[in-house]
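File shown here: structure.txt, holding compact mmCIF, C-alpha atoms.
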```txt
# COMPACT_ATOMS: atom_id res chain seq x y z
CA MET A 1 75.30 -90.77 85.32
CA PRO A 2 72.66 -93.55 85.13
CA TRP A 3 70.08 -90.98 84.01
CA GLN A 4 72.16 -90.09 80.98
CA VAL A 5 72.23 -93.72 79.86
CA LEU A 6 68.50 -94.06 80.51
CA ILE A 7 67.81 -90.96 78.42
CA GLY A 8 69.95 -92.54 75.70
CA ASN A 9 67.75 -95.64 76.01
CA VAL A 10 64.61 -93.52 75.52
CA ALA A 11 66.22 -91.83 72.51
CA ALA A 12 67.13 -95.19 70.96
CA VAL A 13 63.55 -96.45 71.37
CA ALA A 14 62.20 -93.24 69.84
CA LEU A 15 64.65 -93.53 66.95
CA VAL A 16 63.62 -97.10 66.14
CA ILE A 17 59.92 -96.17 66.17
CA SER A 18 60.60 -93.08 64.08
CA VAL A 19 62.57 -95.06 61.48
CA TRP A 20 59.72 -97.55 61.16
CA MET A 21 57.13 -94.77 60.82
CA HIS A 22 59.17 -93.16 58.04
CA LEU A 23 59.78 -96.43 56.18
CA HIS A 24 56.58 -98.44 56.56
CA TYR A 25 54.71 -96.64 53.78
CA LYS A 26 57.41 -97.69 51.31
CA PHE A 27 56.53 -101.33 51.91
CA TYR A 28 52.92 -101.07 50.69
CA ARG A 29 53.46 -103.90 48.19
CA LEU A 30 54.25 -106.39 50.91
CA SER A 31 51.62 -108.81 52.11
CA LYS A 32 50.15 -108.39 55.57
CA VAL A 33 52.26 -111.27 56.91
CA GLN A 34 55.46 -109.77 55.51
CA ALA A 35 54.59 -106.35 56.92
CA GLU A 36 53.93 -107.84 60.37
CA LEU A 37 57.22 -109.74 60.25
CA GLY A 38 59.09 -106.59 59.21
CA PHE A 39 57.49 -104.64 62.03
CA GLY A 40 58.35 -107.39 64.50
CA LEU A 41 61.93 -107.47 63.25
CA MET A 42 62.29 -103.71 63.64
CA MET A 43 60.84 -103.76 67.16
CA GLY A 44 63.05 -106.74 68.02
CA LEU A 45 66.13 -104.84 66.90
CA GLY A 46 64.96 -101.94 69.05
CA ALA A 47 64.56 -104.26 72.04
CA VAL A 48 68.10 -105.58 71.57
CA LEU A 49 69.38 -102.00 71.31
CA SER A 50 67.50 -101.14 74.49
CA MET A 51 69.06 -104.10 76.31
CA LEU A 52 72.51 -102.95 75.21
CA LEU A 53 71.82 -99.54 76.78
CA SER A 54 70.42 -100.87 80.07
CA VAL A 55 71.16 -99.15 83.36
CA GLU A 56 72.28 -101.03 86.46
CA VAL A 57 70.18 -99.58 89.29
CA ASP A 58 71.40 -101.99 91.95
CA SER A 59 73.76 -104.91 92.06
CA GLY A 60 72.37 -107.33 89.46
CA TYR A 61 69.24 -105.29 88.64
CA TYR A 62 69.04 -103.62 85.25
CA LEU A 63 66.50 -101.16 83.89
CA ASP A 64 65.69 -100.83 80.19
CA LEU A 65 62.73 -100.19 77.90
CA ARG A 66 62.46 -103.47 76.02
CA SER A 67 59.00 -104.17 77.42
CA THR A 68 57.78 -100.95 75.79
CA LEU A 69 58.81 -102.15 72.36
CA LEU A 70 57.32 -105.59 72.97
CA ALA A 71 54.01 -103.99 73.98
CA VAL A 72 54.00 -101.73 70.91
CA SER A 73 54.76 -104.75 68.75
CA ALA A 74 51.89 -106.71 70.31
CA VAL A 75 49.33 -103.91 69.98
CA TYR A 76 50.14 -102.74 66.47
CA GLY A 77 51.73 -105.78 64.87
CA GLY A 78 49.68 -108.61 66.29
CA PRO A 79 50.83 -112.05 67.41
CA LEU A 80 53.08 -112.61 64.40
CA ALA A 81 55.09 -109.46 65.15
CA VAL A 82 55.49 -110.45 68.81
CA LEU A 83 56.77 -113.86 67.80
```

Write-out of the structure in structure tokens:
Amino acid sequence: MPWQVLIGNVAAVALVISVWMHLHYKFYRLSKVQAELGFGLMMGLGAVLSMLLSVEVDSGYYLDLRSTLLAVSAVYGGPLAVL
């Protein structure tokens, strides 16, 4: 059962990244700062979604993929997106 929720977590992360990849070219008129903030907002929403789908592996210990989205935000969005 926990694996099903974890696979759902992976799917949610993939969905958030896919939505951004399909939408980011429509925002070409935005400034660089606005684009970084939009990217950070999208990755932040994905991190919240990932936390909602976390898996309890032991009493009080939860596993989710929010660090993946934070790392992607840091690498591709820069410091403003991580903020």

| Pick the closest to Val13 (chain A) from A:Leu52, A:Val82, A:Thr68, A:Val75: which is it, counting all atoms listed in the file? |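 Selected residue with least distance to Val13 (chain A): A:Thr68.
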
| query | Taking into account all atoms listed in the file, which residue in the set A:Asn9, A:Gln4, A:Ser67, A:Ser59 is nearest to Gly44 (chain A)? | reply | A:Ser67

| message | Residues near Leu69 (chain A), anyone? I mean within 12 Å using all atoms listed in the file, not counting same-chain ones fewer than 5 positions away, as number ranges by chain. | response | A: 9-10, 12-17, 39-51, 64, 74-77, 81-82

Just need the box for region 23-31 of chain A, edges along x, y and z, holding every atom the file lists for it with 6 Å tacked onto each side, so centre and edge lengths in Å to one decimal, as JSON.
```
{"center_x": 55.7, "center_y": -102.6, "center_z": 52.4, "size_x": 20.2, "size_y": 24.4, "size_z": 20.4}
```

| Given the choices A:Pro2, A:Gly60, A:Gly78, A:Gly8, which gets closest to Leu37 (chain A) if the distance is worked out from all atoms listed in the file? |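 Closest candidate: A:Gly78.
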
| field | For CA of Leu30 (chain A) and CA of Leu80 (chain A), the interatomic separation in Å (one decimal) | value | 14.9 Å

| remark: Students should find that CA of Trp20 (chain A) and CA of Val33 (chain A) are spaced 16.2 Å

| In terms of the shortest atom-to-atom distance over only C-alpha atoms, which of A:Gln34, A:Phe27, A:Val5, A:Leu70 is closest to Leu53 (chain A)? |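 Once distances to Leu53 (chain A) are computed over only C-alpha atoms, the minimum belongs to A:Val5.
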
| query | Quick one: distance from CA of Asp58 (chain A) to CA of Leu6 (chain A) in Å, one decimal? | reply |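 So the answer is 14.2 Å.
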
| said: Please list as a PyMOL selection string every residue within 9 Å of Leu63 (chain A), counting only C-alpha atoms and excluding residues in the same chain fewer than 2 positions away. | reply: chain A and resi 6+51+54-57+61+65
